[in-house]
file structure_13.txt (compact mmCIF, C-alpha atoms and all ligand atoms)
# COMPACT_ATOMS: atom_id res chain seq x y z
CA MET A 461 -14.97 -5.02 -15.28
CA GLN A 462 -12.44 -7.57 -14.20
CA ASP A 463 -12.89 -9.06 -10.74
CA THR A 464 -9.92 -11.35 -10.39
CA ASP A 465 -10.44 -12.31 -6.72
CA SER A 466 -7.29 -14.27 -7.28
CA LYS A 467 -3.84 -14.62 -5.90
CA SER A 468 -0.88 -13.02 -7.61
CA PRO A 469 0.41 -15.34 -10.37
CA THR A 470 3.76 -15.30 -8.59
CA GLY A 471 2.18 -16.09 -5.22
CA ALA A 472 3.66 -12.87 -3.85
CA LEU A 473 1.87 -10.57 -1.45
CA ARG A 474 0.34 -7.63 -3.32
CA ILE A 475 0.58 -4.48 -1.25
CA ALA A 476 -0.19 -0.84 -2.01
CA LEU A 477 1.94 1.79 -0.29
CA VAL A 478 0.78 5.39 0.05
CA ALA A 479 1.95 8.27 2.22
CA HIS A 480 0.97 11.90 2.49
CA ASP A 481 3.88 14.33 2.14
CA LYS A 482 4.61 14.76 5.86
CA LYS A 483 4.48 10.98 6.34
CA LYS A 484 6.70 9.93 3.44
CA ASP A 485 9.86 9.77 5.56
CA ASP A 486 8.00 7.60 8.09
CA LEU A 487 6.90 5.22 5.32
CA ILE A 488 10.43 4.97 3.92
CA GLU A 489 11.69 4.12 7.40
CA TRP A 490 8.91 1.54 7.84
CA VAL A 491 9.64 -0.07 4.45
CA GLY A 492 13.33 -0.22 5.39
CA LYS A 493 12.43 -2.17 8.53
CA HIS A 494 10.34 -4.66 6.54
CA LEU A 495 12.58 -4.89 3.49
CA HIS A 496 13.21 -8.62 3.94
CA LEU A 497 9.46 -9.20 3.37
CA LEU A 498 8.67 -6.35 1.00
CA GLU A 499 11.43 -7.14 -1.46
CA LYS A 500 9.56 -10.39 -2.21
CA ALA A 501 6.21 -8.61 -2.54
CA GLU A 502 4.47 -7.11 -5.55
CA LEU A 503 4.16 -3.45 -4.61
CA PHE A 504 2.11 -0.57 -5.97
CA ALA A 505 2.30 3.05 -4.85
CA THR A 506 0.92 6.45 -5.65
CA GLY A 507 3.32 8.45 -7.83
CA THR A 508 5.35 10.58 -5.48
CA THR A 509 5.42 7.95 -2.75
CA GLY A 510 6.53 5.36 -5.30
CA GLY A 511 9.28 7.61 -6.65
CA ARG A 512 10.66 8.22 -3.16
CA LEU A 513 10.54 4.52 -2.32
CA LEU A 514 12.29 3.47 -5.52
CA LYS A 515 15.00 6.06 -4.93
CA ALA A 516 15.59 4.64 -1.46
CA PHE A 517 15.16 0.97 -2.45
CA PRO A 518 15.80 0.58 -6.21
CA ASP A 519 15.45 -3.21 -6.14
CA LEU A 520 11.82 -3.23 -5.00
CA ASN A 521 9.28 -4.73 -7.38
CA LEU A 522 7.17 -1.56 -7.24
CA THR A 523 4.80 -0.11 -9.81
CA PRO A 524 4.26 3.63 -9.39
CA LEU A 525 0.75 4.81 -10.29
CA PHE A 526 -0.45 8.40 -10.75
CA SER A 527 0.20 10.86 -7.97
CA GLY A 528 -2.50 10.64 -5.30
CA PRO A 529 -4.18 14.00 -6.00
CA LEU A 530 -4.10 13.27 -9.75
CA GLY A 531 -5.93 9.96 -9.60
CA GLY A 532 -3.47 7.62 -7.87
CA ASP A 533 -5.71 7.11 -4.83
CA GLN A 534 -8.55 6.22 -7.16
CA GLN A 535 -6.36 3.80 -9.12
CA ILE A 536 -5.61 1.97 -5.87
CA GLY A 537 -9.29 2.07 -4.98
CA ALA A 538 -10.07 0.38 -8.29
CA MET A 539 -7.45 -2.29 -7.58
CA ILE A 540 -9.16 -2.97 -4.25
CA ALA A 541 -12.55 -3.34 -5.93
CA GLU A 542 -11.01 -5.71 -8.49
CA LYS A 543 -9.47 -7.73 -5.63
CA ARG A 544 -5.97 -7.19 -6.94
CA LEU A 545 -4.47 -6.30 -3.55
CA ASP A 546 -3.83 -8.18 -0.31
CA GLY A 547 -3.22 -5.09 1.80
CA LEU A 548 -2.99 -1.30 1.91
CA ILE A 549 -0.41 0.61 3.92
CA PHE A 550 -1.55 4.22 3.84
CA PHE A 551 0.36 6.62 6.10
CA VAL A 552 -2.21 9.38 6.48
CA ASP A 553 -1.41 12.90 7.65
CA PRO A 554 -4.37 13.78 9.90
CA LEU A 555 -3.10 17.30 10.61
CA SER A 556 -2.99 18.84 7.12
CA PRO A 557 -5.88 19.81 4.90
CA MET A 558 -5.84 17.91 1.58
CA PRO A 559 -7.21 19.29 -1.69
CA HIS A 560 -8.06 15.71 -2.66
CA ASP A 561 -9.70 14.78 0.63
CA VAL A 562 -12.59 13.18 -1.25
CA ASP A 563 -10.16 10.76 -2.93
CA VAL A 564 -8.55 9.92 0.42
CA LYS A 565 -11.98 9.22 1.89
CA ALA A 566 -12.95 7.13 -1.13
CA LEU A 567 -9.80 5.03 -0.84
CA ASN A 568 -10.39 4.42 2.87
CA ARG A 569 -14.02 3.67 2.19
CA LEU A 570 -13.27 1.04 -0.46
CA ALA A 571 -10.72 -0.66 1.79
CA ILE A 572 -13.49 -0.93 4.41
CA VAL A 573 -16.17 -1.99 1.91
CA TYR A 574 -13.96 -4.86 0.70
CA ASP A 575 -12.57 -5.64 4.18
CA LEU A 576 -9.02 -5.22 2.90
CA PRO A 577 -6.36 -5.23 5.63
CA MET A 578 -5.37 -1.56 5.88
CA ALA A 579 -3.02 0.35 8.15
CA CYS A 580 -2.80 4.12 8.46
CA SER A 581 0.22 4.39 10.78
CA ALA A 582 3.47 2.56 11.51
CA THR A 583 2.46 0.45 14.50
CA THR A 584 -0.74 -0.73 12.87
CA ALA A 585 1.21 -1.43 9.69
CA ASN A 586 3.50 -3.75 11.69
CA PHE A 587 0.47 -5.77 12.79
CA VAL A 588 -1.08 -5.82 9.31
CA MET A 589 2.22 -7.03 7.84
CA LEU A 590 2.46 -9.78 10.45
CA GLY A 591 -1.11 -10.85 9.75
CA LEU A 592 -0.66 -10.84 5.97
CA VAL A 593 2.48 -12.96 6.19
CA GLU A 594 0.88 -15.43 8.60
CA GLN A 595 -2.24 -15.69 6.43
CA LYS A 596 -0.24 -16.23 3.25
CA PHE A 597 2.71 -18.30 4.40
CA GLY A 598 1.70 -19.71 7.78
CA SER A 599 4.60 -18.11 9.65
CA MET A 600 7.24 -15.41 9.41
CA GLU A 601 9.91 -18.08 8.98
CA ALA A 602 8.19 -19.50 5.90
CA ALA A 603 7.87 -16.09 4.23
O1 LIG B 1 -1.78 12.08 -1.83
C1 LIG B 1 -1.52 10.92 -1.63
C2 LIG B 1 -2.50 10.04 -1.02
O2 LIG B 1 -3.73 10.65 -0.76
C3 LIG B 1 -0.21 10.38 -2.00
O3 LIG B 1 0.11 10.72 -3.31
P1 LIG B 1 1.63 10.86 -3.73
O4 LIG B 1 2.31 9.58 -3.38
O5 LIG B 1 1.62 11.08 -5.21
O6 LIG B 1 2.18 12.03 -2.95

call {"tool": "encode", "arguments": {"input": "structure_13.txt", "output": "structure tokens", "more": "lines below"}}
Ligand SMILES: O=C(CO)COP(=O)(O)O
result
Amino acid sequence: MQDTDSKSPTGALRIALVAHDKKKDDLIEWVGKHLHLLEKAELFATGTTGGRLLKAFPDLNLTPLFSGPLGGDQQIGAMIAEKRLDGLIFFVDPLSPMPHDVDVKALNRLAIVYDLPMACSATTANFVMLGLVEQKFGSMEAA
């Protein structure tokens, strides 16, 4: 299996965006606040999250994957293992039972196994975004 461990050919940040249903509005709001950075990034999202994001921000360079419960979480997990992502923004709903809880756990687990910068809520996502930009470009101004 491919293990690219490489940068994006375009040099862009590669970020996966995922939100559970009750957190999708929060993620759309968060993306709106970081649009100046995210519109230059290579984005991936689980299906429903991706559809909502593209409706709100049609110009994003975003690839929608399968819906989370239908394999999308696992697709993102595979991308982490193949080192095809720089970060994961995953707005988790901790108050609702999920039929695909095992997939959610597996995705979190792989992000930890591979020490991928991951945020599960808006404030943490702000810090992860700052860190990713500083790591990649040296400063926010250079991004
Ligand atoms: O369920 C999800 C993550 O576990 C998100 O999937 P959707 O973006 O398809 O709703």

call {"tool": "atom_distance", "arguments": {"input": "structure_13.txt", "atom1": "atom CA of Tyr574 of chain A", "atom2": "atom CA of Glu542 of chain A"}}
result
9.7 Å

call {"tool": "atom_distance", "arguments": {"input": "structure_13.txt", "atom1": "atom CA of Glu499 of chain A", "atom2": "atom CA of Arg512 of chain A"}}
result
15.5 Å

call {"tool": "residues_near_ligand", "arguments": {"input": "structure_13.txt", "ligand": "ligand LIG 1 (chain B)", "cutoff": "8 Å", "atoms": "only C-alpha atoms and all ligand atoms", "output": "list of chain:residue names"}}
result
A:Val478, A:Ala479, A:His480, A:Asp481, A:Ala505, A:Thr506, A:Gly507, A:Thr508, A:Thr509, A:Gly510, A:Gly511, A:Phe526, A:Ser527, A:Gly528, A:Pro529, A:Leu530, A:Gly532, A:Asp533, A:Phe550, A:Val552, A:Met558, A:His560, A:Asp561, A:Asp563, A:Val564

call {"tool": "residues_around", "arguments": {"input": "structure_13.txt", "residues": "Asp546 of chain A", "least_positions_apart": "4", "cutoff": "8 Å", "atoms": "all atoms listed in the file", "output": "ChimeraX atom specification"}}
result
/A:473-475,576-577,592

call {"tool": "atom_distance", "arguments": {"input": "structure_13.txt", "atom1": "atom CA of Asp485 of chain A", "atom2": "atom CA of Pro524 of chain A"}}
result
17.1 Å

call {"tool": "closest_residue", "arguments": {"input": "structure_13.txt", "among": "A:Leu477, A:His494, A:Gly547, A:Asn521", "to": "Lys596 of chain A", "atoms": "only C-alpha atoms"}}
result
A:Gly547

call {"tool": "closest_residue", "arguments": {"input": "structure_13.txt", "among": "A:Leu522, A:Ala582, A:Ala602, A:Val593", "to": "Lys493 of chain A", "atoms": "all atoms listed in the file"}}
result
A:Ala582

call {"tool": "closest_residue", "arguments": {"input": "structure_13.txt", "among": "A:Ala516, A:Ala603, A:Ala571, A:Ala579", "to": "Leu545 of chain A", "atoms": "only C-alpha atoms"}}
result
A:Ala571

call {"tool": "residues_around", "arguments": {"input": "structure_13.txt", "residues": "Glu601 of chain A", "least_positions_apart": "6", "cutoff": "12 Å", "atoms": "all atoms listed in the file", "output": "VMD selection string"}}
result
chain A and resid 496 to 497 590 593 to 594

call {"tool": "closest_residue", "arguments": {"input": "structure_13.txt", "among": "A:Met589, A:Ser599, A:Asp575, A:Ser581", "to": "Leu495 of chain A", "atoms": "all atoms listed in the file"}}
result
A:Met589
